[in-house]
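Enquirer: What follows is work-v6.pdb, made up of PDB, C-alpha atoms:
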```pdb
ATOM      1  CA  MET A 215     -14.876   0.033  20.588
ATOM      2  CA  ASP A 216     -11.907   2.323  19.946
ATOM      3  CA  GLY A 217      -8.287   1.239  19.513
ATOM      4  CA  ARG A 218      -7.310   1.866  23.119
ATOM      5  CA  ALA A 219     -10.218  -0.250  24.374
ATOM      6  CA  ARG A 220      -9.304  -3.055  21.934
ATOM      7  CA  VAL A 221      -5.710  -3.076  23.160
ATOM      8  CA  ALA A 222      -6.912  -3.151  26.784
ATOM      9  CA  TRP A 223      -9.340  -6.001  26.044
ATOM     10  CA  HIS A 224      -6.832  -8.171  24.198
ATOM     11  CA  LEU A 225      -3.922  -7.443  26.519
ATOM     12  CA  ARG A 226      -5.923  -8.670  29.486
ATOM     13  CA  ARG A 227      -7.411 -11.606  27.543
ATOM     14  CA  LEU A 228      -4.020 -12.838  26.364
ATOM     15  CA  ARG A 229      -2.322 -12.231  29.712
ATOM     16  CA  VAL A 230      -4.968 -14.163  31.650
ATOM     17  CA  ALA A 231      -5.092 -16.968  29.050
ATOM     18  CA  ARG A 232      -1.360 -17.465  29.477
ATOM     19  CA  GLY A 233      -1.570 -17.278  33.268
ATOM     20  CA  PHE A 234       0.652 -14.185  33.569
ATOM     21  CA  SER A 235       0.201 -11.718  36.376
ATOM     22  CA  GLN A 236       0.529  -8.070  35.442
ATOM     23  CA  GLU A 237       3.860  -8.070  37.250
ATOM     24  CA  ALA A 238       5.205 -11.089  35.341
ATOM     25  CA  LEU A 239       4.146  -9.595  32.004
ATOM     26  CA  ALA A 240       5.675  -6.252  32.920
ATOM     27  CA  VAL A 241       9.005  -7.861  33.821
ATOM     28  CA  ASP A 242       9.077  -9.882  30.589
ATOM     29  CA  ALA A 243       8.237  -6.783  28.521
ATOM     30  CA  GLY A 244      10.558  -4.438  30.423
ATOM     31  CA  VAL A 245       7.840  -2.036  31.586
ATOM     32  CA  ASP A 246       6.432  -1.108  34.992
ATOM     33  CA  ARG A 247       3.546  -3.156  36.405
ATOM     34  CA  THR A 248       1.485  -0.019  36.957
ATOM     35  CA  TYR A 249       1.887   0.770  33.257
ATOM     36  CA  VAL A 250       0.452  -2.635  32.288
ATOM     37  CA  SER A 251      -2.429  -1.991  34.692
ATOM     38  CA  GLY A 252      -3.032   1.443  33.191
ATOM     39  CA  ILE A 253      -3.082   0.052  29.660
ATOM     40  CA  GLU A 254      -5.592  -2.640  30.686
ATOM     41  CA  ARG A 255      -7.810  -0.002  32.292
ATOM     42  CA  GLY A 256      -7.561   2.213  29.202
ATOM     43  CA  SER A 257      -5.896   4.995  31.204
ATOM     44  CA  PHE A 258      -2.585   4.936  29.324
ATOM     45  CA  ASN A 259      -1.912   5.221  25.623
ATOM     46  CA  PRO A 260       1.124   2.992  24.955
ATOM     47  CA  THR A 261       3.636   3.594  22.191
ATOM     48  CA  VAL A 262       4.085   1.141  19.346
ATOM     49  CA  GLU A 263       7.417   0.101  20.883
ATOM     50  CA  VAL A 264       5.726  -0.820  24.175
ATOM     51  CA  LEU A 265       2.967  -2.694  22.340
ATOM     52  CA  GLU A 266       5.598  -4.667  20.417
ATOM     53  CA  ARG A 267       7.396  -5.580  23.650
ATOM     54  CA  LEU A 268       4.131  -6.655  25.301
ATOM     55  CA  ALA A 269       3.133  -8.710  22.245
ATOM     56  CA  ARG A 270       6.544 -10.396  22.173
ATOM     57  CA  ALA A 271       6.254 -11.234  25.891
ATOM     58  CA  LEU A 272       2.781 -12.694  25.231
ATOM     59  CA  GLY A 273       3.995 -14.665  22.212
ATOM     60  CA  CYS A 274       1.699 -13.004  19.700
ATOM     61  CA  ASP A 275       1.842 -10.492  16.877
ATOM     62  CA  VAL A 276       1.129  -6.880  17.749
ATOM     63  CA  ALA A 277      -1.770  -6.918  15.255
ATOM     64  CA  GLU A 278      -3.632  -9.338  17.539
ATOM     65  CA  LEU A 279      -3.909  -6.549  20.125
ATOM     66  CA  PHE A 280      -5.990  -4.499  17.655
ATOM     67  CA  ALA A 281      -8.424  -7.198  16.471
ATOM     68  CA  ILE A 282     -12.118  -6.414  16.811
ATOM     69  CA  PRO A 283     -13.641  -8.673  19.487
ATOM     70  CA  GLN A 284     -16.548 -10.831  18.354
ATOM     71  CA  ALA A 285     -20.008  -9.959  19.667
ATOM     72  CA  ASP A 286     -20.196 -13.180  21.673
ATOM     73  CA  ASP A 287     -16.734 -12.811  23.295
ATOM     74  CA  GLU A 288     -16.922 -12.662  27.070
ATOM     75  CA  VAL A 289     -15.121 -10.053  29.120
ATOM     76  CA  PRO A 290     -11.755 -11.520  30.155
ATOM     77  CA  ALA A 291     -11.909 -12.761  33.747
ATOM     78  CA  PRO A 292      -9.188 -11.660  36.148
ATOM     79  CA  LEU A 293      -6.669 -14.075  37.590
ATOM     80  CA  ARG A 294      -7.062 -15.253  41.147
ATOM     81  CA  PRO A 295      -5.598 -12.587  43.478
ATOM     82  CA  GLY A 296      -2.350 -13.261  45.265
ATOM     83  CA  ARG A 297       1.180 -14.084  44.262
ATOM     84  CA  LYS A 298       1.210 -17.846  44.796
ATOM     85  CA  LYS A 299      -0.231 -20.286  42.296
ATOM     86  CA  ALA A 300      -3.059 -22.489  43.554
TER      87      ALA A 300
END
```
I'd like the structure from this file rewritten - as structure tokens, please.

Expert:
Amino acid sequence: MDGRARVAWHLRRLRVARGFSQEALAVDAGVDRTYVSGIERGSFNPTVEVLERLARALGCDVAELFAIPQADDEVPAPLRPGRKKA
């Protein structure tokens, strides 16, 4: 797994674990929602500054976005679609 895929994996994992939508994370980090989506899909290559802002919004260190996932880690599940909480 390359660095971009690791960032995508952990960004989605942390975002979902904290219950943030892509839009909420984007607002907190000061980036566009489509940019967060692109990073999670591995389509965009974010700068270190953007990674630091995303990590700060998620309440983690930027290094956590680059950790190698364990072999038994499951693919992060998406949040329930829609804007309202269940």

Enquirer: Rounded to one decimal in Å, what is the spacing between CA of Gly217 (chain A) and CA of Phe280 (chain A)?

Expert: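 Interatomic distance, CA of Gly217 (chain A) to CA of Phe280 (chain A): 6.5 Å.
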
Enquirer: To test your reading of the syntax: which residues would the PyMOL selection byres ((chain A and resi 229) around 12) return for the file shown? Reply as a count of residues only.

Expert: 36

Enquirer: What is the CA of Pro283 (chain A) to CA of Arg247 (chain A) distance in Å?

Expert: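 Separation between CA of Pro283 (chain A) and CA of Arg247 (chain A): 24.7 Å.
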
Enquirer: Kindly give the distance, in Å, that separates CA of Val241 (chain A) and CA of Arg267 (chain A), rounded to a single decimal.

Expert: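 Between CA of Val241 (chain A) and CA of Arg267 (chain A) the gap is 10.5 Å.
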
Enquirer: Go through A:Thr248, A:Val276, A:Ala281, A:Met215 one by one, measure the shortest atom-to-atom distance of each to Thr261 (chain A) using all atoms listed in the file, and give the residue with the smallest value.

Expert: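 Among the listed residues, the smallest separation from Thr261 (chain A) belongs to A:Val276.
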